[in-house]
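Reviewing the structure listed below.
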Amino acid sequence: MIWIGILIGFVAGLLTHFIKSSKTENKEKYFRRGLLHKQYNVTEGLTGGKSTIDCIFEVGELESTDTLSKIEVIDFKPNRSEYNTDYERKRLSALVDKSWEKSKEIHWITTAADKRNQKIDQLLN
């Protein structure tokens, strides 16, 4: 009889362990996400010609102050295909990654849930 109780307790313990471990919390890494448009002037290597690259960065906000946001690059798209290689992508994203940018220069993406939460906060405050 004691062995049956121990066996049932062991099985119940395993089940609760698996249930707890399967429920992982989904913590957001970023406070906000947004789009940042940057323009860079480049000089071509052999020809010496000058041109402009337009890049649109998808960024996530890591920290913020009243006017500045520390951002991390999630992805970006250059307007010229020759800057879409792995080397150029790393080089261009390093210019913006983990840097402080003005918050008003970033177009923040707001979802319906964000708008709803803002309205609730306005009503409660």
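Here, A, B, ... name the chains of the structure tokens in the order displayed, residue numbers run from 1 inside each chain, and ligands are numbered from 1 in the same displayed order.
Look at range 102-111 of chain A: the protein and nucleic acid residues within 7 Å of it, using only C-alpha atoms and passing over chain neighbours fewer than 5 places away, are Arg33, Gly34, Leu35, Leu36, Thr67, Leu68 and Ser69 of chain A.
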Same residues, C-alpha atoms, saved as a short mmCIF file (atom, residue, chain, number, x, y, z; two decimals), in the first residue's frame:
```cif
data_model
loop_
_atom_site.label_atom_id
_atom_site.label_comp_id
_atom_site.auth_asym_id
_atom_site.auth_seq_id
_atom_site.Cartn_x
_atom_site.Cartn_y
_atom_site.Cartn_z
CA ARG A 33 9.35 48.76 -31.97
CA GLY A 34 9.61 51.24 -34.79
CA LEU A 35 11.02 52.25 -38.16
CA LEU A 36 13.99 54.57 -38.60
CA THR A 67 14.03 62.76 -25.98
CA LEU A 68 16.40 59.87 -26.80
CA SER A 69 16.00 56.13 -27.32
#
```
Run DSSP on the backbone and tell me which residues of range 6-94 of chain A come out as strand (DSSP E or B); list them as a PyMOL selection string.
chain A and resi 33-43+50-64+68-78
Write to file, as a short mmCIF file (atom, residue, chain, number, x, y, z; two decimals), in the first residue's frame, the residues of the selection just made, with C-alpha atoms.
```
data_model
loop_
_atom_site.label_atom_id
_atom_site.label_comp_id
_atom_site.auth_asym_id
_atom_site.auth_seq_id
_atom_site.Cartn_x
_atom_site.Cartn_y
_atom_site.Cartn_z
CA ARG A 33 9.35 48.76 -31.97
CA GLY A 34 9.61 51.24 -34.79
CA LEU A 35 11.02 52.25 -38.16
CA LEU A 36 13.99 54.57 -38.60
CA HIS A 37 14.92 56.12 -41.95
CA LYS A 38 18.59 57.01 -42.47
CA GLN A 39 20.47 58.38 -45.47
CA TYR A 40 24.18 57.79 -46.00
CA ASN A 41 26.52 59.41 -48.54
CA VAL A 42 29.07 56.97 -49.94
CA THR A 43 32.01 57.23 -52.27
CA LYS A 50 29.42 59.79 -54.85
CA SER A 51 26.00 58.37 -54.23
CA THR A 52 23.37 58.16 -51.51
CA ILE A 53 21.95 55.08 -49.79
CA ASP A 54 18.53 55.17 -48.16
CA CYS A 55 18.08 52.59 -45.41
CA ILE A 56 14.96 51.80 -43.45
CA PHE A 57 15.79 50.12 -40.15
CA GLU A 58 13.34 48.14 -38.06
CA VAL A 59 14.46 48.89 -34.51
CA GLY A 60 13.58 47.91 -30.99
CA GLU A 61 13.86 50.30 -28.06
CA LEU A 62 16.10 49.03 -25.25
CA GLU A 63 16.15 52.16 -23.04
CA SER A 64 14.80 55.66 -23.30
CA LEU A 68 16.40 59.87 -26.80
CA SER A 69 16.00 56.13 -27.32
CA LYS A 70 18.70 53.47 -27.22
CA ILE A 71 17.86 51.16 -30.10
CA GLU A 72 18.87 47.80 -31.47
CA VAL A 73 18.55 46.91 -35.14
CA ILE A 74 16.15 44.04 -35.81
CA ASP A 75 16.29 44.22 -39.62
CA PHE A 76 16.86 46.77 -42.36
CA LYS A 77 16.38 47.29 -46.07
CA PRO A 78 18.75 49.36 -48.22
#
```
Test item, helix (DSSP H, G or I) assignment across range 35-125 of chain A, answer as number ranges by chain:
A: 81-83, 86-96, 103-105, 112-124
Kindly export the residues of the current selection with C-alpha atoms, as a JSON list (two decimals), in the first residue's frame.
```json
[["chain", "number", "residue", "atom", "x", "y", "z"],
["A", 81, "SER", "CA", 20.93, 45.85, -54.02],
["A", 82, "GLU", "CA", 24.73, 46.01, -53.91],
["A", 83, "TYR", "CA", 24.47, 46.96, -50.22],
["A", 86, "ASP", "CA", 26.20, 40.06, -45.56],
["A", 87, "TYR", "CA", 29.31, 42.23, -45.20],
["A", 88, "GLU", "CA", 27.52, 45.46, -46.12],
["A", 89, "ARG", "CA", 24.49, 44.57, -43.96],
["A", 90, "LYS", "CA", 26.72, 44.10, -40.90],
["A", 91, "ARG", "CA", 28.60, 47.28, -41.65],
["A", 92, "LEU", "CA", 25.50, 49.43, -42.13],
["A", 93, "SER", "CA", 23.60, 47.99, -39.18],
["A", 94, "ALA", "CA", 26.64, 48.59, -36.93],
["A", 95, "LEU", "CA", 26.22, 52.32, -37.57],
["A", 96, "VAL", "CA", 22.83, 52.32, -35.82],
["A", 103, "SER", "CA", 12.78, 59.44, -30.35],
["A", 104, "LYS", "CA", 10.84, 61.76, -32.62],
["A", 105, "GLU", "CA", 12.89, 60.61, -35.64],
["A", 112, "ALA", "CA", -4.58, 48.11, -31.41],
["A", 113, "ALA", "CA", -3.72, 46.74, -27.96],
["A", 114, "ASP", "CA", -1.31, 49.65, -27.35],
["A", 115, "LYS", "CA", -3.97, 52.19, -28.30],
["A", 116, "ARG", "CA", -6.52, 50.47, -26.06],
["A", 117, "ASN", "CA", -4.10, 50.47, -23.10],
["A", 118, "GLN", "CA", -3.39, 54.19, -23.62],
["A", 119, "LYS", "CA", -7.11, 54.98, -23.62],
["A", 120, "ILE", "CA", -7.63, 52.95, -20.44],
["A", 121, "ASP", "CA", -4.74, 54.77, -18.76],
["A", 122, "GLN", "CA", -6.22, 58.12, -19.77],
["A", 123, "LEU", "CA", -9.60, 57.18, -18.34],
["A", 124, "LEU", "CA", -8.17, 55.87, -15.08]]
```
